[in-house]
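> Attaching a single structure in structure tokens format; questions to follow.
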Amino acid sequence: MSTRPSSTPPAPTWDAIEAAHARIAPKIHRTPVLRSATLSAMCGAELFFKCENLQKTGSFKIRGATNAIFSLSDEEASRGIVTHSSGNHAAAVSCAASWRGIAAWIVMPKNAPAMKCKAVEAYGGKITFCEPKVSARNEAAARIQAETGAVMIHPYDDDRIIAGQATAAKELLEEAGELDALLAPVSGGGLLSGSALSAKHMRPGIGVFGCEPAKADDAFRSMQSGILQSLESSDTIADGLRASLAPRTFAILQQSLAGIFLVGEEEIVNAMGLVWERLKVVTEPSSAIALAPLLKPETVQLISRDRSGPGRLKIGIILSGGNVDLRSLPFR
């Protein structure tokens, strides 16, 4: 399905991103930036891994959720919040809502990983399951909002969410310095659009790239066609990357993205295994996908085309999350 977006609101400003960072900093982790000489040698570039898999609730999603929920007025917060998510945003919203002491209604597809559902319940979120389709998520969330009066906290089509997610790349560049490129997963586009906003402000010449499963390639097709594409459902192993861009995130990416790399299922699993083995950290498939393209020599060659400086490329990678069921790992 494809649509031509109508006029979209302006992207969050740098001031909004800085305000979001100040708002959420006391509540979240400033996650470490790790390096691996072996992985850097394998890829032919100096790699810097921003470990949001070590973030509270196990993913970067707590950044946007905290910024959005703590930006609500007292009257809005008193009505509670509603959202839809396959897992990480659901857990983050449930956690941030508990910090603020408000109710959280969460719509999740019935094929969401069981461990992510348990996390939502542990944080106090009230789950409603739906069919694993984008339309079913939206319909269920709209129904709950109408019944409860709750405020919608969309997973990515929200400036407060985007500004919060942008703080991960902001921290990465503050620590790693002058990166030549930045890679992050893309699904609904909240993380990638926020990352692009921070990276382009802090280092205008940086190349920002998205990484997407070939089985869920709507963002790639959107960027290629210039028309917003949607995907009703997908069975990729990267369960956190099954959503589609929104007009808001698409507009930001059209202005600032250098490209999107498509990644096969086996490539995702291989990258996941390498991160576990070499960095000694747990990442989920949706996170490890950001390393996968760099394991192909042609990727680094492509990124370096417009670079004339000496030395190897310096590339930042956002490891977006680490919520994986340890009882059903994909490694052979």
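Starting from 1 in every chain, residues are counted up; chains themselves are A, B, ... following the order of the structure tokens, and ligands are numbered from 1 as listed.
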Could you list, as a PyMOL selection string, every residue within 6 Å of stretch 263-278 of chain A, counting only C-alpha atoms and ignoring same-chain residues fewer than 4 positions away?

chain A and resi 213-214+282+288-289+292

> With only C-alpha atoms as the counted atoms, please give the residues lying no more than 9 Å from A:Met223, apart from itself and same-chain residues fewer than 5 positions off, as a list in words.

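In the requested form, the answer reads Asp218, Leu228, Gln229, Phe250, Leu253, Gln254, Leu257, Gly259 and Ile260 of chain A.
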
> Write a file of the just-selected residues containing C-alpha atoms, as an mmCIF file, in the first residue's frame.


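File written: again_23.cif
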```cif
data_model
loop_
_atom_site.group_PDB
_atom_site.id
_atom_site.type_symbol
_atom_site.label_atom_id
_atom_site.label_comp_id
_atom_site.auth_asym_id
_atom_site.auth_seq_id
_atom_site.Cartn_x
_atom_site.Cartn_y
_atom_site.Cartn_z
ATOM 1 C CA ASP A 218 8.561 -0.594 3.302
ATOM 2 C CA LEU A 228 5.085 6.529 1.651
ATOM 3 C CA GLN A 229 4.716 2.753 1.557
ATOM 4 C CA PHE A 250 9.189 9.796 6.428
ATOM 5 C CA LEU A 253 14.224 10.843 6.566
ATOM 6 C CA GLN A 254 13.633 12.232 3.092
ATOM 7 C CA LEU A 257 18.941 10.045 5.171
ATOM 8 C CA GLY A 259 20.194 5.463 2.309
ATOM 9 C CA ILE A 260 18.748 2.221 3.666
#
```

> Find the spatial neighbours of stretch 183-192 of chain A, counting only C-alpha atoms, within a cut-off of 9 Å - ignore same-chain residues fewer than 5 positions away - and output them as a ChimeraX atom specification.

/A:60-61,64,155-159,161-166,168-169,197,207-213,216-219,240-246,248-250,253,257,260,286-291,315-320

> Include N, CA and C atoms and write out the residues we just selected as a short mmCIF file (atom, residue, chain, number, x, y, z; two decimals), in the first residue's frame.


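Dumped to again_39.cif:
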```cif
data_model
loop_
_atom_site.label_atom_id
_atom_site.label_comp_id
_atom_site.auth_asym_id
_atom_site.auth_seq_id
_atom_site.Cartn_x
_atom_site.Cartn_y
_atom_site.Cartn_z
N PHE A 60 16.17 1.46 23.65
CA PHE A 60 16.15 2.92 23.51
C PHE A 60 14.75 3.51 23.72
N LYS A 61 13.73 2.68 23.64
CA LYS A 61 12.35 3.18 23.66
C LYS A 61 12.02 3.96 24.93
N GLY A 64 12.14 7.99 24.42
CA GLY A 64 10.98 8.68 23.89
C GLY A 64 9.76 8.58 24.79
N PRO A 155 3.95 5.13 19.00
CA PRO A 155 5.32 4.61 19.08
C PRO A 155 6.36 5.46 18.36
N TYR A 156 5.96 6.20 17.33
CA TYR A 156 6.95 6.98 16.57
C TYR A 156 6.37 8.21 15.91
N ASP A 157 5.08 8.28 15.67
CA ASP A 157 4.48 9.44 15.00
C ASP A 157 4.14 10.52 16.01
N ASP A 158 5.17 11.02 16.69
CA ASP A 158 4.99 11.96 17.79
C ASP A 158 6.31 12.70 17.98
N ASP A 159 6.28 14.02 17.94
CA ASP A 159 7.51 14.80 18.08
C ASP A 159 8.21 14.55 19.40
N ILE A 161 8.26 11.77 21.10
CA ILE A 161 8.94 10.49 20.98
C ILE A 161 10.22 10.65 20.17
N ILE A 162 10.13 11.31 19.03
CA ILE A 162 11.29 11.49 18.16
C ILE A 162 12.40 12.25 18.88
N ALA A 163 12.04 13.32 19.60
CA ALA A 163 13.04 14.11 20.33
C ALA A 163 13.72 13.26 21.40
N GLY A 164 12.94 12.42 22.08
CA GLY A 164 13.53 11.55 23.08
C GLY A 164 14.48 10.54 22.47
N GLN A 165 14.07 9.92 21.37
CA GLN A 165 14.95 8.93 20.72
C GLN A 165 16.21 9.59 20.18
N ALA A 166 16.12 10.85 19.81
CA ALA A 166 17.28 11.56 19.26
C ALA A 166 18.42 11.67 20.25
N ALA A 168 19.85 9.41 22.00
CA ALA A 168 20.83 8.31 21.94
C ALA A 168 21.98 8.67 21.00
N ALA A 169 21.64 9.15 19.80
CA ALA A 169 22.68 9.56 18.86
C ALA A 169 23.44 10.78 19.39
N LEU A 197 18.35 13.68 13.03
CA LEU A 197 18.26 15.06 13.47
C LEU A 197 19.46 15.44 14.35
N GLY A 207 27.06 10.73 7.22
CA GLY A 207 26.08 9.96 6.47
C GLY A 207 25.26 9.11 7.43
N VAL A 208 23.95 9.25 7.39
CA VAL A 208 23.06 8.50 8.28
C VAL A 208 22.33 7.45 7.45
N PHE A 209 22.42 6.20 7.87
CA PHE A 209 21.85 5.08 7.12
C PHE A 209 20.91 4.27 8.00
N GLY A 210 19.81 3.83 7.41
CA GLY A 210 18.91 2.91 8.07
C GLY A 210 19.22 1.48 7.69
N CYS A 211 18.85 0.55 8.56
CA CYS A 211 19.03 -0.87 8.32
C CYS A 211 17.68 -1.56 8.51
N GLU A 212 17.25 -2.30 7.50
CA GLU A 212 15.88 -2.82 7.49
C GLU A 212 15.85 -4.26 7.00
N PRO A 213 15.00 -5.11 7.58
CA PRO A 213 14.88 -6.48 7.08
C PRO A 213 14.33 -6.49 5.65
N ALA A 216 10.72 -6.87 5.42
CA ALA A 216 9.86 -5.75 5.86
C ALA A 216 10.46 -4.47 5.30
N ASP A 217 10.43 -4.34 3.99
CA ASP A 217 11.21 -3.32 3.29
C ASP A 217 10.44 -2.06 2.92
N ASP A 218 9.40 -1.74 3.67
CA ASP A 218 8.56 -0.59 3.30
C ASP A 218 9.32 0.73 3.37
N ALA A 219 10.23 0.89 4.34
CA ALA A 219 10.99 2.14 4.41
C ALA A 219 11.90 2.28 3.20
N GLY A 240 10.83 -6.37 16.28
CA GLY A 240 10.68 -4.95 16.58
C GLY A 240 10.68 -4.06 15.36
N LEU A 241 10.82 -4.64 14.16
CA LEU A 241 10.93 -3.84 12.94
C LEU A 241 9.80 -4.17 11.97
N ARG A 242 8.62 -4.41 12.50
CA ARG A 242 7.49 -4.80 11.66
C ARG A 242 6.49 -3.66 11.41
N ALA A 243 6.80 -2.47 11.92
CA ALA A 243 5.92 -1.32 11.69
C ALA A 243 6.34 -0.61 10.41
N SER A 244 5.55 0.39 10.01
CA SER A 244 5.84 1.18 8.82
C SER A 244 6.03 2.65 9.19
N LEU A 245 6.77 3.35 8.35
CA LEU A 245 6.98 4.78 8.57
C LEU A 245 5.66 5.53 8.65
N ALA A 246 5.68 6.63 9.36
CA ALA A 246 4.57 7.57 9.39
C ALA A 246 4.94 8.78 8.54
N ARG A 248 5.26 11.75 9.34
CA ARG A 248 6.18 12.60 10.10
C ARG A 248 7.62 12.08 10.00
N THR A 249 7.82 10.80 10.25
CA THR A 249 9.18 10.26 10.19
C THR A 249 9.69 10.17 8.76
N PHE A 250 8.81 9.86 7.84
CA PHE A 250 9.19 9.80 6.43
C PHE A 250 9.71 11.15 5.95
N LEU A 253 13.25 11.71 7.23
CA LEU A 253 14.22 10.84 6.57
C LEU A 253 14.47 11.27 5.12
N LEU A 257 18.41 11.40 5.22
CA LEU A 257 18.94 10.05 5.17
C LEU A 257 19.80 9.83 3.94
N ILE A 260 19.19 3.34 2.83
CA ILE A 260 18.75 2.22 3.67
C ILE A 260 19.35 0.93 3.13
N SER A 286 16.41 -7.27 16.09
CA SER A 286 16.11 -5.92 15.62
C SER A 286 17.25 -4.95 15.89
N SER A 287 18.08 -5.28 16.85
CA SER A 287 19.22 -4.45 17.21
C SER A 287 20.46 -4.80 16.40
N ALA A 288 20.73 -6.10 16.29
CA ALA A 288 21.93 -6.56 15.59
C ALA A 288 21.92 -6.22 14.11
N ILE A 289 20.74 -5.93 13.57
CA ILE A 289 20.64 -5.62 12.15
C ILE A 289 21.50 -4.43 11.75
N ALA A 290 21.80 -3.54 12.70
CA ALA A 290 22.59 -2.35 12.37
C ALA A 290 24.06 -2.66 12.09
N LEU A 291 24.53 -3.81 12.54
CA LEU A 291 25.88 -4.23 12.21
C LEU A 291 25.93 -4.98 10.88
N ILE A 315 32.55 4.77 12.23
CA ILE A 315 31.13 4.51 12.04
C ILE A 315 30.47 4.20 13.38
N GLY A 316 29.41 4.91 13.67
CA GLY A 316 28.62 4.65 14.86
C GLY A 316 27.48 3.69 14.56
N ILE A 317 27.21 2.80 15.48
CA ILE A 317 26.13 1.81 15.35
C ILE A 317 25.28 1.87 16.61
N ILE A 318 23.98 2.06 16.43
CA ILE A 318 23.09 2.05 17.59
C ILE A 318 22.53 0.65 17.76
N LEU A 319 22.94 -0.01 18.85
CA LEU A 319 22.36 -1.30 19.23
C LEU A 319 21.09 -0.98 20.01
N SER A 320 19.95 -1.14 19.36
CA SER A 320 18.71 -0.54 19.86
C SER A 320 18.08 -1.26 21.03
#
```

> What parts of stretch 73-243 of chain A does DSSP call alpha helix (DSSP H)? I'd like the answer as JSON, numbers by chain.

{"A": [74, 75, 76, 77, 78, 88, 89, 90, 91, 92, 93, 94, 95, 96, 97, 98, 99, 100, 114, 115, 116, 117, 118, 119, 120, 121, 122, 134, 135, 136, 137, 138, 139, 140, 141, 142, 143, 144, 145, 146, 147, 148, 159, 160, 161, 162, 163, 164, 165, 166, 167, 168, 169, 170, 171, 172, 173, 174, 175, 176, 190, 191, 192, 193, 194, 195, 196, 197, 198, 199, 200, 201, 202, 218, 219, 220, 221, 222, 223, 224, 225]}

> With a distance cut-off of 12 Å and only C-alpha atoms, select the neighbouring residues of A:Ile24, excluding the residue or stretch itself and same-chain residues fewer than 4 positions from it, and output the selection as a ChimeraX atom specification.

/A:17-20,28-30,56,60-71,96,99,160-161,163-168

> Using only C-alpha atoms, can you tell me which of A:Ala37, A:Ile153, A:Leu231, A:Leu173 comes closest to A:Lys50?

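Of the candidates, the smallest distance to A:Lys50 is held by A:Leu173.
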
> Any idea what's packed within 9 Å of A:Met42, counting only C-alpha atoms, ignoring anything in its chain fewer than 4 positions away? Could you give it as a PyMOL selection string?

chain A and resi 37-38+294-295+297

> Identify which of the residues A:Gly80, A:Gly101, A:Pro293, A:Pro204 lies closest to A:Gly149, counting only C-alpha atoms when measuring atom-to-atom distances.

A:Gly80

> List every residue of stretch 41-270 of chain A that DSSP, applied to the backbone of this structure, places in strand (DSSP E), and write the result as a PDB file with N, CA and C atoms, in the first residue's frame.


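Produced file part_24.pdb, reproduced below:
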```pdb
ATOM      1  N   GLU A  46      36.482   1.773  11.831  1.00  0.00           N
ATOM      2  CA  GLU A  46      36.468   1.891  13.283  1.00  0.00           C
ATOM      3  C   GLU A  46      35.006   1.980  13.739  1.00  0.00           C
ATOM      4  N   LEU A  47      34.550   0.989  14.493  1.00  0.00           N
ATOM      5  CA  LEU A  47      33.151   0.908  14.888  1.00  0.00           C
ATOM      6  C   LEU A  47      32.962   1.349  16.337  1.00  0.00           C
ATOM      7  N   PHE A  48      31.876   2.083  16.566  1.00  0.00           N
ATOM      8  CA  PHE A  48      31.517   2.563  17.895  1.00  0.00           C
ATOM      9  C   PHE A  48      30.067   2.147  18.151  1.00  0.00           C
ATOM     10  N   PHE A  49      29.861   1.270  19.128  1.00  0.00           N
ATOM     11  CA  PHE A  49      28.543   0.699  19.395  1.00  0.00           C
ATOM     12  C   PHE A  49      27.878   1.410  20.576  1.00  0.00           C
ATOM     13  N   LYS A  50      26.775   2.098  20.309  1.00  0.00           N
ATOM     14  CA  LYS A  50      25.983   2.731  21.366  1.00  0.00           C
ATOM     15  C   LYS A  50      25.023   1.680  21.910  1.00  0.00           C
ATOM     16  N   CYS A  51      25.246   1.261  23.152  1.00  0.00           N
ATOM     17  CA  CYS A  51      24.594   0.061  23.689  1.00  0.00           C
ATOM     18  C   CYS A  51      23.273   0.361  24.383  1.00  0.00           C
ATOM     19  N   ILE A  81      -2.676   6.713  29.606  1.00  0.00           N
ATOM     20  CA  ILE A  81      -2.192   6.716  28.222  1.00  0.00           C
ATOM     21  C   ILE A  81      -2.511   5.383  27.554  1.00  0.00           C
ATOM     22  N   VAL A  82      -2.552   5.425  26.222  1.00  0.00           N
ATOM     23  CA  VAL A  82      -2.768   4.222  25.428  1.00  0.00           C
ATOM     24  C   VAL A  82      -1.763   4.224  24.287  1.00  0.00           C
ATOM     25  N   THR A  83      -1.315   3.037  23.917  1.00  0.00           N
ATOM     26  CA  THR A  83      -0.400   2.921  22.785  1.00  0.00           C
ATOM     27  C   THR A  83      -0.531   1.540  22.176  1.00  0.00           C
ATOM     28  N   HIS A  84       0.143   1.335  21.052  1.00  0.00           N
ATOM     29  CA  HIS A  84       0.233   0.002  20.460  1.00  0.00           C
ATOM     30  C   HIS A  84       1.686  -0.284  20.132  1.00  0.00           C
ATOM     31  N   ALA A 104      -1.726   2.705  32.042  1.00  0.00           N
ATOM     32  CA  ALA A 104      -1.234   2.509  30.673  1.00  0.00           C
ATOM     33  C   ALA A 104      -1.960   1.330  30.041  1.00  0.00           C
ATOM     34  N   TRP A 105      -2.701   1.600  28.948  1.00  0.00           N
ATOM     35  CA  TRP A 105      -3.362   0.554  28.175  1.00  0.00           C
ATOM     36  C   TRP A 105      -2.517   0.270  26.936  1.00  0.00           C
ATOM     37  N   ILE A 106      -2.145  -0.994  26.737  1.00  0.00           N
ATOM     38  CA  ILE A 106      -1.193  -1.368  25.702  1.00  0.00           C
ATOM     39  C   ILE A 106      -1.827  -2.372  24.732  1.00  0.00           C
ATOM     40  N   VAL A 107      -1.860  -2.037  23.458  1.00  0.00           N
ATOM     41  CA  VAL A 107      -2.318  -2.962  22.418  1.00  0.00           C
ATOM     42  C   VAL A 107      -1.095  -3.654  21.829  1.00  0.00           C
ATOM     43  N   MET A 108      -1.117  -4.990  21.849  1.00  0.00           N
ATOM     44  CA  MET A 108       0.004  -5.769  21.323  1.00  0.00           C
ATOM     45  C   MET A 108      -0.507  -6.834  20.360  1.00  0.00           C
ATOM     46  N   PRO A 109       0.237  -7.110  19.285  1.00  0.00           N
ATOM     47  CA  PRO A 109      -0.171  -8.197  18.383  1.00  0.00           C
ATOM     48  C   PRO A 109      -0.057  -9.543  19.101  1.00  0.00           C
ATOM     49  N   LYS A 126      -1.638  -2.651  30.956  1.00  0.00           N
ATOM     50  CA  LYS A 126      -2.817  -3.493  30.759  1.00  0.00           C
ATOM     51  C   LYS A 126      -2.903  -3.850  29.271  1.00  0.00           C
ATOM     52  N   ILE A 127      -2.659  -5.128  28.951  1.00  0.00           N
ATOM     53  CA  ILE A 127      -2.516  -5.547  27.559  1.00  0.00           C
ATOM     54  C   ILE A 127      -3.857  -5.931  26.945  1.00  0.00           C
ATOM     55  N   THR A 128      -4.071  -5.466  25.719  1.00  0.00           N
ATOM     56  CA  THR A 128      -5.141  -5.959  24.846  1.00  0.00           C
ATOM     57  C   THR A 128      -4.472  -6.534  23.609  1.00  0.00           C
ATOM     58  N   PHE A 129      -4.721  -7.797  23.312  1.00  0.00           N
ATOM     59  CA  PHE A 129      -4.111  -8.420  22.144  1.00  0.00           C
ATOM     60  C   PHE A 129      -4.972  -8.203  20.907  1.00  0.00           C
ATOM     61  N   CYS A 130      -4.297  -8.138  19.755  1.00  0.00           N
ATOM     62  CA  CYS A 130      -4.993  -7.945  18.491  1.00  0.00           C
ATOM     63  C   CYS A 130      -4.329  -8.799  17.413  1.00  0.00           C
ATOM     64  N   VAL A 151      -4.751   9.369  26.713  1.00  0.00           N
ATOM     65  CA  VAL A 151      -3.952  10.105  25.742  1.00  0.00           C
ATOM     66  C   VAL A 151      -3.136   9.104  24.920  1.00  0.00           C
ATOM     67  N   MET A 152      -3.153   9.246  23.606  1.00  0.00           N
ATOM     68  CA  MET A 152      -2.371   8.377  22.743  1.00  0.00           C
ATOM     69  C   MET A 152      -0.895   8.775  22.774  1.00  0.00           C
ATOM     70  N   ALA A 181      29.878   8.146   9.667  1.00  0.00           N
ATOM     71  CA  ALA A 181      28.565   7.581   9.355  1.00  0.00           C
ATOM     72  C   ALA A 181      27.920   7.054  10.627  1.00  0.00           C
ATOM     73  N   LEU A 182      26.620   6.931  10.564  1.00  0.00           N
ATOM     74  CA  LEU A 182      25.836   6.396  11.674  1.00  0.00           C
ATOM     75  C   LEU A 182      24.804   5.434  11.104  1.00  0.00           C
ATOM     76  N   LEU A 183      24.713   4.226  11.677  1.00  0.00           N
ATOM     77  CA  LEU A 183      23.744   3.229  11.251  1.00  0.00           C
ATOM     78  C   LEU A 183      22.805   2.899  12.399  1.00  0.00           C
ATOM     79  N   ALA A 184      21.513   2.799  12.077  1.00  0.00           N
ATOM     80  CA  ALA A 184      20.504   2.454  13.078  1.00  0.00           C
ATOM     81  C   ALA A 184      19.391   1.670  12.410  1.00  0.00           C
ATOM     82  N   PRO A 185      18.690   0.830  13.161  1.00  0.00           N
ATOM     83  CA  PRO A 185      17.544   0.112  12.590  1.00  0.00           C
ATOM     84  C   PRO A 185      16.430   1.080  12.208  1.00  0.00           C
ATOM     85  N   GLY A 207      27.056  10.734   7.223  1.00  0.00           N
ATOM     86  CA  GLY A 207      26.079   9.958   6.475  1.00  0.00           C
ATOM     87  C   GLY A 207      25.255   9.114   7.430  1.00  0.00           C
ATOM     88  N   VAL A 208      23.946   9.253   7.395  1.00  0.00           N
ATOM     89  CA  VAL A 208      23.061   8.498   8.276  1.00  0.00           C
ATOM     90  C   VAL A 208      22.327   7.454   7.445  1.00  0.00           C
ATOM     91  N   PHE A 209      22.417   6.202   7.874  1.00  0.00           N
ATOM     92  CA  PHE A 209      21.848   5.085   7.121  1.00  0.00           C
ATOM     93  C   PHE A 209      20.909   4.272   8.002  1.00  0.00           C
ATOM     94  N   GLY A 210      19.813   3.829   7.405  1.00  0.00           N
ATOM     95  CA  GLY A 210      18.906   2.914   8.071  1.00  0.00           C
ATOM     96  C   GLY A 210      19.219   1.483   7.694  1.00  0.00           C
ATOM     97  N   CYS A 211      18.848   0.554   8.562  1.00  0.00           N
ATOM     98  CA  CYS A 211      19.034  -0.871   8.318  1.00  0.00           C
ATOM     99  C   CYS A 211      17.685  -1.560   8.512  1.00  0.00           C
ATOM    100  N   GLU A 212      17.248  -2.300   7.498  1.00  0.00           N
ATOM    101  CA  GLU A 212      15.879  -2.815   7.494  1.00  0.00           C
ATOM    102  C   GLU A 212      15.847  -4.265   7.003  1.00  0.00           C
ATOM    103  N   PRO A 213      14.998  -5.115   7.585  1.00  0.00           N
ATOM    104  CA  PRO A 213      14.875  -6.483   7.078  1.00  0.00           C
ATOM    105  C   PRO A 213      14.333  -6.486   5.647  1.00  0.00           C
ATOM    106  N   LEU A 228       5.130   7.320   0.423  1.00  0.00           N
ATOM    107  CA  LEU A 228       5.085   6.529   1.651  1.00  0.00           C
ATOM    108  C   LEU A 228       4.439   5.171   1.405  1.00  0.00           C
ATOM    109  N   GLN A 229       5.196   4.118   1.705  1.00  0.00           N
ATOM    110  CA  GLN A 229       4.716   2.753   1.557  1.00  0.00           C
ATOM    111  C   GLN A 229       4.376   2.189   2.937  1.00  0.00           C
ATOM    112  N   GLY A 259      20.647   6.687   2.946  1.00  0.00           N
ATOM    113  CA  GLY A 259      20.194   5.463   2.309  1.00  0.00           C
ATOM    114  C   GLY A 259      19.741   4.438   3.327  1.00  0.00           C
ATOM    115  N   ILE A 260      19.188   3.336   2.828  1.00  0.00           N
ATOM    116  CA  ILE A 260      18.748   2.221   3.666  1.00  0.00           C
ATOM    117  C   ILE A 260      19.351   0.934   3.128  1.00  0.00           C
ATOM    118  N   PHE A 261      19.932   0.157   4.029  1.00  0.00           N
ATOM    119  CA  PHE A 261      20.485  -1.141   3.673  1.00  0.00           C
ATOM    120  C   PHE A 261      19.484  -2.236   4.027  1.00  0.00           C
ATOM    121  N   LEU A 262      19.181  -3.095   3.073  1.00  0.00           N
ATOM    122  CA  LEU A 262      18.302  -4.229   3.324  1.00  0.00           C
ATOM    123  C   LEU A 262      19.133  -5.433   3.766  1.00  0.00           C
ATOM    124  N   VAL A 263      18.613  -6.172   4.728  1.00  0.00           N
ATOM    125  CA  VAL A 263      19.356  -7.267   5.347  1.00  0.00           C
ATOM    126  C   VAL A 263      18.503  -8.529   5.372  1.00  0.00           C
TER     127      VAL A 263
END
```

> Choose the residue, out of A:Ser98, A:Ser135, A:Thr283, A:Ser59, that has the smallest atom-to-atom separation from A:Thr31; count only C-alpha atoms.

A:Ser59

> Work out how far atom CA of A:Lys133 is from atom CA of A:Asp325, in Å to one decimal.

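Pair atom CA of A:Asp325 / atom CA of A:Lys133 returns 22.3 Å.
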
> Nearest residue to A:Ala41 out of A:Ala150, A:Ala91, A:Arg312, A:Ser304, using only C-alpha atoms?

A:Arg312

> What is the atom CA of A:Ser195 to atom CA of A:Gln255 distance in Å?

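Between atom CA of A:Ser195 and atom CA of A:Gln255 the gap is 12.8 Å.
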
> Have a look at A:Arg137, A:Arg143, A:His89, A:Lys280 and name the one nearest to A:Ala119; count only C-alpha atoms.

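The answer is A:His89, which sits nearest to A:Ala119.
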
> Nearest residue to A:His154 out of A:Met202, A:Ile303, A:Ala258, A:Val93, using only C-alpha atoms?

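Nearest to A:His154: A:Val93.
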